[in-house]
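Here's the structure we're looking at; comments come further down.
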Amino acid sequence: MAIRTASARWGGSLQEGDGTMALGSGAYEGPYSFRSRFQDGDGTNPEELIGAAHAGCFSMALSAVLGEGGHTPDSIETSAKVHFNTGEGGPKIERIELRTRGSVPGIDEAGFKEAAEAAKANCPVSQALTGVEISLDAALA
């Protein structure tokens with residue numbers, strides 16, 4: 001079983017403080033703050049990192065589903081829009097919109113969309129986010 005790690009450091013109050021987040025692999029370490037999370041300040045935020053993780057996981061899952069069907073993709077490009085609502089009831093991730101485009105020899109649009117739906121259902125990050133509405137826009141490039 002693989003165990004992946006990440007860490008965060010925070011100092012100061014919620015609105016005036018700041019911190020850093022780091023991946024255990026060392027591939028990323030960067031700042032975050034109230035401004036980068038709730039406004040448009042410099043740095044990253046947890047929701048952006050969840051979006052990157054979801055897009056990456058989904059793309060790999062889609063490649064696996066396509067490969068199992070005999071269609072090795074030339075490329076898959078996926079973006080994730082994470083909708084973070086700070087309104088009534090407190091901050092929460094309400095919805096994630098996945099948008100994927102694939103260059104896949106020998107498959108039609110319907111087959112690609114079917115594979116994408118299967119990948120969405122079986123992607124470990126999608127499964128971890130079952131409390132969040134996840135939509136999918138899938139098409140061949």
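Chain identifiers are assigned as A, B, and so on, following the order in which chains appear in the structure tokens; residues are numbered from 1 within each chain, and ligands are numbered from 1 in order of appearance.
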
Just want the 12 Å neighbourhood of Leu49 (chain A), counted on only C-alpha atoms, with same-chain residues fewer than 2 positions away dropped. Output as a CSV table (one decimal) with N, CA, C and O atoms, in the first residue's frame.
```
chain,number,residue,atom,x,y,z
A,6,ALA,N,1.9,15.0,2.8
A,6,ALA,CA,1.9,16.4,2.5
A,6,ALA,C,1.9,17.1,3.9
A,6,ALA,O,1.6,16.5,4.9
A,21,MET,N,2.5,25.2,2.2
A,21,MET,CA,2.1,23.8,2.0
A,21,MET,C,3.2,23.2,1.2
A,21,MET,O,3.7,23.8,0.3
A,22,ALA,N,3.4,21.9,1.5
A,22,ALA,CA,4.5,21.2,0.8
A,22,ALA,C,4.0,19.7,0.5
A,22,ALA,O,3.4,19.1,1.3
A,23,LEU,N,4.5,19.2,-0.6
A,23,LEU,CA,4.3,17.8,-0.9
A,23,LEU,C,5.4,17.0,-0.4
A,23,LEU,O,6.6,17.5,-0.5
A,28,TYR,N,6.7,20.2,-4.8
A,28,TYR,CA,6.1,21.5,-4.7
A,28,TYR,C,6.1,21.9,-3.2
A,28,TYR,O,5.9,21.1,-2.3
A,29,GLU,N,6.4,23.2,-3.0
A,29,GLU,CA,6.3,23.9,-1.8
A,29,GLU,C,5.9,25.3,-2.1
A,29,GLU,O,6.6,25.9,-2.9
A,30,GLY,N,4.9,25.8,-1.5
A,30,GLY,CA,4.5,27.2,-1.8
A,30,GLY,C,3.7,27.8,-0.7
A,30,GLY,O,3.1,27.2,0.2
A,32,TYR,N,0.6,30.1,1.1
A,32,TYR,CA,-0.9,30.3,1.0
A,32,TYR,C,-1.2,31.2,2.2
A,32,TYR,O,-0.5,31.4,3.1
A,37,ARG,N,-6.7,32.3,-0.6
A,37,ARG,CA,-7.8,31.3,-0.5
A,37,ARG,C,-9.2,32.0,-0.7
A,37,ARG,O,-10.0,31.4,-1.4
A,43,GLY,N,-0.1,33.2,-4.2
A,43,GLY,CA,0.0,31.9,-3.5
A,43,GLY,C,-1.1,30.9,-4.0
A,43,GLY,O,-1.9,31.2,-4.8
A,44,THR,N,-1.1,29.8,-3.3
A,44,THR,CA,-2.0,28.7,-3.7
A,44,THR,C,-3.1,28.6,-2.6
A,44,THR,O,-3.2,29.5,-1.7
A,45,ASN,N,-3.9,27.5,-2.7
A,45,ASN,CA,-4.9,27.3,-1.6
A,45,ASN,C,-5.2,25.8,-1.7
A,45,ASN,O,-4.9,25.1,-2.7
A,46,PRO,N,-5.8,25.2,-0.7
A,46,PRO,CA,-6.2,23.8,-0.7
A,46,PRO,C,-7.1,23.4,-1.8
A,46,PRO,O,-6.9,22.3,-2.4
A,47,GLU,N,-8.0,24.3,-2.2
A,47,GLU,CA,-8.9,23.9,-3.3
A,47,GLU,C,-8.2,23.8,-4.6
A,47,GLU,O,-8.6,22.9,-5.4
A,51,GLY,N,-8.0,20.5,-6.9
A,51,GLY,CA,-8.3,20.5,-8.4
A,51,GLY,C,-7.2,19.8,-9.2
A,51,GLY,O,-7.5,19.0,-10.1
A,52,ALA,N,-6.0,20.1,-8.9
A,52,ALA,CA,-4.8,19.5,-9.6
A,52,ALA,C,-4.8,18.0,-9.3
A,52,ALA,O,-4.6,17.3,-10.3
A,53,ALA,N,-5.0,17.6,-8.1
A,53,ALA,CA,-5.0,16.2,-7.8
A,53,ALA,C,-6.1,15.5,-8.5
A,53,ALA,O,-5.9,14.4,-9.1
A,54,HIS,N,-7.3,16.1,-8.6
A,54,HIS,CA,-8.4,15.5,-9.2
A,54,HIS,C,-8.2,15.4,-10.8
A,54,HIS,O,-8.5,14.3,-11.4
A,55,ALA,N,-7.7,16.4,-11.4
A,55,ALA,CA,-7.5,16.4,-12.8
A,55,ALA,C,-6.4,15.4,-13.2
A,55,ALA,O,-6.5,14.6,-14.1
A,56,GLY,N,-5.4,15.3,-12.4
A,56,GLY,CA,-4.3,14.3,-12.6
A,56,GLY,C,-4.8,12.9,-12.4
A,56,GLY,O,-4.5,12.0,-13.2
A,80,ALA,N,-9.9,21.1,-13.9
A,80,ALA,CA,-10.8,21.0,-12.8
A,80,ALA,C,-11.1,22.4,-12.3
A,80,ALA,O,-10.2,23.1,-11.9
A,81,LYS,N,-12.4,22.8,-12.3
A,81,LYS,CA,-12.9,24.0,-11.7
A,81,LYS,C,-13.5,23.7,-10.3
A,81,LYS,O,-14.5,23.0,-10.3
A,82,VAL,N,-12.9,24.1,-9.3
A,82,VAL,CA,-13.3,23.8,-7.9
A,82,VAL,C,-14.1,25.0,-7.4
A,82,VAL,O,-13.6,26.1,-7.3
A,125,VAL,N,-9.6,9.8,-6.5
A,125,VAL,CA,-9.9,11.2,-5.9
A,125,VAL,C,-11.4,11.5,-6.0
A,125,VAL,O,-12.0,12.0,-5.1
```

Q: Pick out each residue of region 6-46 of chain A that DSSP on the backbone tags as alpha helix (DSSP H); I need them as a PyMOL selection string.
A: chain A and resi 34-38+46

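Omitting Glu68 (chain A) and its sequence neighbours fewer than 5 positions away, and counting only C-alpha atoms, the residues within 12 Å are Ala61, Leu62, Ser63, Pro73, Ala115, Ala118 and Ala119 of chain A.
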
**Q.** Two-atom distance - CA of Glu48 (chain A), CA of Gly67 (chain A) (Å)
**A.**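 That distance, rounded to one decimal, is 28.7 Å.
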
Q: For Thr100 (chain A), work out the shell of residues within 6 Å, counting only C-alpha atoms and skipping chain neighbours fewer than 2 positions away, then give it as number ranges by chain.
A: A: 77-78, 138

Next, write the just-selected residues to a file, as a PDB file, in the first residue's frame, keeping C-alpha atoms as the atom set.
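File out-v7.pdb, as written:
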```pdb
ATOM      1  CA  GLU A  77      -5.896  17.075 -21.106  1.00  0.00           C
ATOM      2  CA  THR A  78      -8.108  17.663 -18.085  1.00  0.00           C
ATOM      3  CA  ALA A 138     -15.738  15.021 -22.121  1.00  0.00           C
TER       4      ALA A 138
END
```

Please list as an mmCIF file with N, CA, C and O atoms, in the first residue's frame every residue within 9 Å of Val104 (chain A), counting only C-alpha atoms and excluding residues in the same chain fewer than 3 positions away.
```cif
data_model
loop_
_atom_site.group_PDB
_atom_site.id
_atom_site.type_symbol
_atom_site.label_atom_id
_atom_site.label_comp_id
_atom_site.auth_asym_id
_atom_site.auth_seq_id
_atom_site.Cartn_x
_atom_site.Cartn_y
_atom_site.Cartn_z
ATOM 1 N N LEU A 66 -9.416 3.567 -21.185
ATOM 2 C CA LEU A 66 -9.236 3.525 -22.638
ATOM 3 C C LEU A 66 -8.313 2.382 -23.036
ATOM 4 O O LEU A 66 -8.588 1.654 -23.994
ATOM 5 N N HIS A 71 -7.649 1.123 -26.651
ATOM 6 C CA HIS A 71 -7.440 2.452 -27.241
ATOM 7 C C HIS A 71 -6.447 3.248 -26.405
ATOM 8 O O HIS A 71 -6.828 3.946 -25.468
ATOM 9 N N THR A 72 -5.170 3.148 -26.737
ATOM 10 C CA THR A 72 -4.155 3.912 -26.021
ATOM 11 C C THR A 72 -4.225 5.368 -26.467
ATOM 12 O O THR A 72 -4.105 5.658 -27.661
ATOM 13 N N PRO A 73 -4.426 6.294 -25.547
ATOM 14 C CA PRO A 73 -4.544 7.706 -25.930
ATOM 15 C C PRO A 73 -3.199 8.307 -26.332
ATOM 16 O O PRO A 73 -2.168 7.965 -25.754
ATOM 17 N N ASP A 74 -3.245 9.196 -27.321
ATOM 18 C CA ASP A 74 -2.068 10.008 -27.630
ATOM 19 C C ASP A 74 -1.907 11.073 -26.558
ATOM 20 O O ASP A 74 -0.802 11.369 -26.125
ATOM 21 N N SER A 75 -3.037 11.652 -26.128
ATOM 22 C CA SER A 75 -2.995 12.654 -25.061
ATOM 23 C C SER A 75 -4.368 12.809 -24.431
ATOM 24 O O SER A 75 -5.394 12.580 -25.070
ATOM 25 N N ILE A 76 -4.346 13.185 -23.163
ATOM 26 C CA ILE A 76 -5.556 13.525 -22.409
ATOM 27 C C ILE A 76 -5.233 14.803 -21.661
ATOM 28 O O ILE A 76 -4.219 14.882 -20.963
ATOM 29 N N ILE A 107 -11.294 5.547 -31.624
ATOM 30 C CA ILE A 107 -12.489 5.570 -30.769
ATOM 31 C C ILE A 107 -13.413 6.685 -31.242
ATOM 32 O O ILE A 107 -12.951 7.716 -31.734
ATOM 33 N N ASP A 108 -14.719 6.461 -31.110
ATOM 34 C CA ASP A 108 -15.662 7.518 -31.490
ATOM 35 C C ASP A 108 -16.040 8.330 -30.254
ATOM 36 O O ASP A 108 -15.663 7.997 -29.124
ATOM 37 N N PHE A 112 -15.649 7.472 -26.216
ATOM 38 C CA PHE A 112 -14.799 8.296 -25.358
ATOM 39 C C PHE A 112 -15.581 8.782 -24.149
ATOM 40 O O PHE A 112 -15.100 8.723 -23.013
ATOM 41 N N LEU A 140 -13.648 14.387 -27.627
ATOM 42 C CA LEU A 140 -12.403 14.171 -28.348
ATOM 43 C C LEU A 140 -11.858 15.515 -28.800
ATOM 44 O O LEU A 140 -12.615 16.434 -29.106
ATOM 45 N N ALA A 141 -10.558 15.614 -28.837
ATOM 46 C CA ALA A 141 -9.911 16.881 -29.234
ATOM 47 C C ALA A 141 -10.054 17.082 -30.731
ATOM 48 O O ALA A 141 -10.171 16.170 -31.496
#
```

Apply DSSP to the structure's backbone, then extract all residues of region 10-138 of chain A labelled strand (DSSP E) and return them as an mmCIF file with N, CA, C and O atoms, in the first residue's frame.
```cif
data_model
loop_
_atom_site.group_PDB
_atom_site.id
_atom_site.type_symbol
_atom_site.label_atom_id
_atom_site.label_comp_id
_atom_site.auth_asym_id
_atom_site.auth_seq_id
_atom_site.Cartn_x
_atom_site.Cartn_y
_atom_site.Cartn_z
ATOM 1 N N TRP A 10 1.203 27.017 9.375
ATOM 2 C CA TRP A 10 0.436 28.259 9.418
ATOM 3 C C TRP A 10 0.896 29.054 10.617
ATOM 4 O O TRP A 10 1.128 28.491 11.700
ATOM 5 N N GLY A 11 1.003 30.362 10.464
ATOM 6 C CA GLY A 11 1.343 31.241 11.568
ATOM 7 C C GLY A 11 0.460 32.472 11.558
ATOM 8 O O GLY A 11 0.214 33.043 10.509
ATOM 9 N N ASP A 18 -0.202 33.630 7.551
ATOM 10 C CA ASP A 18 0.158 32.989 6.293
ATOM 11 C C ASP A 18 0.862 31.678 6.590
ATOM 12 O O ASP A 18 1.132 31.351 7.733
ATOM 13 N N GLY A 19 1.109 30.933 5.531
ATOM 14 C CA GLY A 19 1.749 29.655 5.735
ATOM 15 C C GLY A 19 2.304 29.098 4.446
ATOM 16 O O GLY A 19 2.324 29.763 3.409
ATOM 17 N N THR A 20 2.760 27.860 4.541
ATOM 18 C CA THR A 20 3.252 27.148 3.367
ATOM 19 C C THR A 20 2.656 25.746 3.372
ATOM 20 O O THR A 20 2.352 25.186 4.428
ATOM 21 N N MET A 21 2.488 25.217 2.168
ATOM 22 C CA MET A 21 2.076 23.825 1.987
ATOM 23 C C MET A 21 3.156 23.155 1.169
ATOM 24 O O MET A 21 3.748 23.775 0.281
ATOM 25 N N ALA A 22 3.405 21.885 1.472
ATOM 26 C CA ALA A 22 4.465 21.156 0.774
ATOM 27 C C ALA A 22 4.037 19.722 0.515
ATOM 28 O O ALA A 22 3.357 19.105 1.338
ATOM 29 N N LEU A 23 4.464 19.226 -0.621
ATOM 30 C CA LEU A 23 4.251 17.820 -0.946
ATOM 31 C C LEU A 23 5.418 17.024 -0.390
ATOM 32 O O LEU A 23 6.568 17.468 -0.451
ATOM 33 N N GLU A 29 6.429 23.180 -3.035
ATOM 34 C CA GLU A 29 6.263 23.850 -1.760
ATOM 35 C C GLU A 29 5.947 25.292 -2.078
ATOM 36 O O GLU A 29 6.634 25.911 -2.897
ATOM 37 N N GLY A 30 4.888 25.820 -1.471
ATOM 38 C CA GLY A 30 4.523 27.183 -1.785
ATOM 39 C C GLY A 30 3.674 27.827 -0.706
ATOM 40 O O GLY A 30 3.136 27.156 0.179
ATOM 41 N N PRO A 31 3.536 29.144 -0.807
ATOM 42 C CA PRO A 31 2.808 29.904 0.196
ATOM 43 C C PRO A 31 1.297 29.847 -0.011
ATOM 44 O O PRO A 31 0.813 29.620 -1.110
ATOM 45 N N TYR A 32 0.590 30.060 1.099
ATOM 46 C CA TYR A 32 -0.853 30.273 1.049
ATOM 47 C C TYR A 32 -1.242 31.219 2.167
ATOM 48 O O TYR A 32 -0.505 31.403 3.121
ATOM 49 N N SER A 33 -2.395 31.854 1.984
ATOM 50 C CA SER A 33 -2.844 32.850 2.951
ATOM 51 C C SER A 33 -4.358 33.002 2.834
ATOM 52 O O SER A 33 -4.990 32.426 1.952
ATOM 53 N N SER A 75 -3.037 11.652 -26.128
ATOM 54 C CA SER A 75 -2.995 12.654 -25.061
ATOM 55 C C SER A 75 -4.368 12.809 -24.431
ATOM 56 O O SER A 75 -5.394 12.580 -25.070
ATOM 57 N N ILE A 76 -4.346 13.185 -23.163
ATOM 58 C CA ILE A 76 -5.556 13.525 -22.409
ATOM 59 C C ILE A 76 -5.233 14.803 -21.661
ATOM 60 O O ILE A 76 -4.219 14.882 -20.963
ATOM 61 N N GLU A 77 -6.076 15.808 -21.824
ATOM 62 C CA GLU A 77 -5.896 17.075 -21.106
ATOM 63 C C GLU A 77 -7.147 17.338 -20.291
ATOM 64 O O GLU A 77 -8.241 17.401 -20.842
ATOM 65 N N THR A 78 -6.976 17.484 -18.985
ATOM 66 C CA THR A 78 -8.108 17.663 -18.085
ATOM 67 C C THR A 78 -7.890 18.888 -17.205
ATOM 68 O O THR A 78 -6.797 19.093 -16.687
ATOM 69 N N SER A 79 -8.944 19.666 -17.052
ATOM 70 C CA SER A 79 -8.923 20.779 -16.106
ATOM 71 C C SER A 79 -10.022 20.559 -15.077
ATOM 72 O O SER A 79 -11.000 19.844 -15.338
ATOM 73 N N ALA A 80 -9.856 21.141 -13.912
ATOM 74 C CA ALA A 80 -10.843 21.033 -12.841
ATOM 75 C C ALA A 80 -11.139 22.423 -12.306
ATOM 76 O O ALA A 80 -10.218 23.147 -11.927
ATOM 77 N N LYS A 81 -12.414 22.775 -12.298
ATOM 78 C CA LYS A 81 -12.852 24.024 -11.670
ATOM 79 C C LYS A 81 -13.485 23.652 -10.335
ATOM 80 O O LYS A 81 -14.518 22.981 -10.292
ATOM 81 N N VAL A 82 -12.859 24.087 -9.256
ATOM 82 C CA VAL A 82 -13.340 23.779 -7.917
ATOM 83 C C VAL A 82 -14.137 24.984 -7.425
ATOM 84 O O VAL A 82 -13.592 26.079 -7.281
ATOM 85 N N HIS A 83 -15.415 24.780 -7.183
ATOM 86 C CA HIS A 83 -16.304 25.848 -6.723
ATOM 87 C C HIS A 83 -16.310 25.862 -5.199
ATOM 88 O O HIS A 83 -16.811 24.935 -4.563
ATOM 89 N N PHE A 84 -15.731 26.909 -4.639
ATOM 90 C CA PHE A 84 -15.559 27.066 -3.203
ATOM 91 C C PHE A 84 -16.493 28.167 -2.736
ATOM 92 O O PHE A 84 -16.301 29.341 -3.053
ATOM 93 N N ASN A 85 -17.528 27.790 -2.000
ATOM 94 C CA ASN A 85 -18.534 28.738 -1.548
ATOM 95 C C ASN A 85 -18.257 29.121 -0.098
ATOM 96 O O ASN A 85 -18.079 28.248 0.749
ATOM 97 N N LYS A 92 -17.236 25.826 2.012
ATOM 98 C CA LYS A 92 -17.266 24.427 1.589
ATOM 99 C C LYS A 92 -17.059 24.333 0.077
ATOM 100 O O LYS A 92 -17.360 25.254 -0.678
ATOM 101 N N ILE A 93 -16.514 23.204 -0.320
ATOM 102 C CA ILE A 93 -16.401 22.891 -1.748
ATOM 103 C C ILE A 93 -17.752 22.351 -2.169
ATOM 104 O O ILE A 93 -18.207 21.326 -1.652
ATOM 105 N N GLU A 94 -18.411 23.058 -3.081
ATOM 106 C CA GLU A 94 -19.746 22.663 -3.505
ATOM 107 C C GLU A 94 -19.750 21.787 -4.742
ATOM 108 O O GLU A 94 -20.589 20.919 -4.880
ATOM 109 N N ARG A 95 -18.825 22.064 -5.650
ATOM 110 C CA ARG A 95 -18.896 21.397 -6.949
ATOM 111 C C ARG A 95 -17.520 21.417 -7.601
ATOM 112 O O ARG A 95 -16.743 22.338 -7.399
ATOM 113 N N ILE A 96 -17.247 20.377 -8.373
ATOM 114 C CA ILE A 96 -16.041 20.347 -9.194
ATOM 115 C C ILE A 96 -16.469 20.031 -10.621
ATOM 116 O O ILE A 96 -17.197 19.063 -10.854
ATOM 117 N N GLU A 97 -16.046 20.866 -11.540
ATOM 118 C CA GLU A 97 -16.320 20.651 -12.963
ATOM 119 C C GLU A 97 -15.053 20.136 -13.631
ATOM 120 O O GLU A 97 -14.061 20.852 -13.700
ATOM 121 N N LEU A 98 -15.101 18.891 -14.088
ATOM 122 C CA LEU A 98 -13.995 18.337 -14.856
ATOM 123 C C LEU A 98 -14.267 18.568 -16.331
ATOM 124 O O LEU A 98 -15.381 18.360 -16.800
ATOM 125 N N ARG A 99 -13.249 18.997 -17.051
ATOM 126 C CA ARG A 99 -13.332 19.158 -18.506
ATOM 127 C C ARG A 99 -12.143 18.420 -19.098
ATOM 128 O O ARG A 99 -10.998 18.722 -18.764
ATOM 129 N N THR A 100 -12.422 17.440 -19.931
ATOM 130 C CA THR A 100 -11.337 16.657 -20.502
ATOM 131 C C THR A 100 -11.458 16.588 -22.012
ATOM 132 O O THR A 100 -12.553 16.536 -22.563
ATOM 133 N N ARG A 101 -10.314 16.618 -22.650
ATOM 134 C CA ARG A 101 -10.218 16.472 -24.103
ATOM 135 C C ARG A 101 -9.148 15.434 -24.379
ATOM 136 O O ARG A 101 -8.068 15.464 -23.789
ATOM 137 N N GLY A 102 -9.489 14.512 -25.274
ATOM 138 C CA GLY A 102 -8.553 13.438 -25.557
ATOM 139 C C GLY A 102 -8.298 13.269 -27.038
ATOM 140 O O GLY A 102 -9.193 13.452 -27.857
ATOM 141 N N SER A 103 -7.092 12.933 -27.338
ATOM 142 C CA SER A 103 -6.705 12.532 -28.688
ATOM 143 C C SER A 103 -6.484 11.022 -28.601
ATOM 144 O O SER A 103 -5.493 10.567 -28.019
ATOM 145 N N GLU A 133 -20.545 17.443 -5.569
ATOM 146 C CA GLU A 133 -21.079 17.220 -6.914
ATOM 147 C C GLU A 133 -19.926 17.326 -7.912
ATOM 148 O O GLU A 133 -19.159 18.293 -7.893
ATOM 149 N N ILE A 134 -19.802 16.334 -8.783
ATOM 150 C CA ILE A 134 -18.751 16.333 -9.796
ATOM 151 C C ILE A 134 -19.408 16.216 -11.158
ATOM 152 O O ILE A 134 -20.104 15.240 -11.439
ATOM 153 N N SER A 135 -19.212 17.228 -12.003
ATOM 154 C CA SER A 135 -19.736 17.177 -13.361
ATOM 155 C C SER A 135 -18.598 16.896 -14.329
ATOM 156 O O SER A 135 -17.428 17.106 -14.003
ATOM 157 N N LEU A 136 -18.954 16.425 -15.519
ATOM 158 C CA LEU A 136 -17.942 16.047 -16.507
ATOM 159 C C LEU A 136 -18.353 16.511 -17.886
ATOM 160 O O LEU A 136 -19.466 16.264 -18.330
ATOM 161 N N ASP A 137 -17.432 17.184 -18.570
ATOM 162 C CA ASP A 137 -17.569 17.577 -19.968
ATOM 163 C C ASP A 137 -16.431 16.869 -20.694
ATOM 164 O O ASP A 137 -15.265 17.243 -20.537
ATOM 165 N N ALA A 138 -16.765 15.825 -21.451
ATOM 166 C CA ALA A 138 -15.738 15.021 -22.121
ATOM 167 C C ALA A 138 -15.972 15.052 -23.630
ATOM 168 O O ALA A 138 -17.100 14.906 -24.096
#
```

Q: Can you work out the spacing between CA of Thr5 (chain A) and CA of Gly24 (chain A) in Å, to one decimal?
A: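 Pair CA of Thr5 (chain A) / CA of Gly24 (chain A) returns 4.8 Å.
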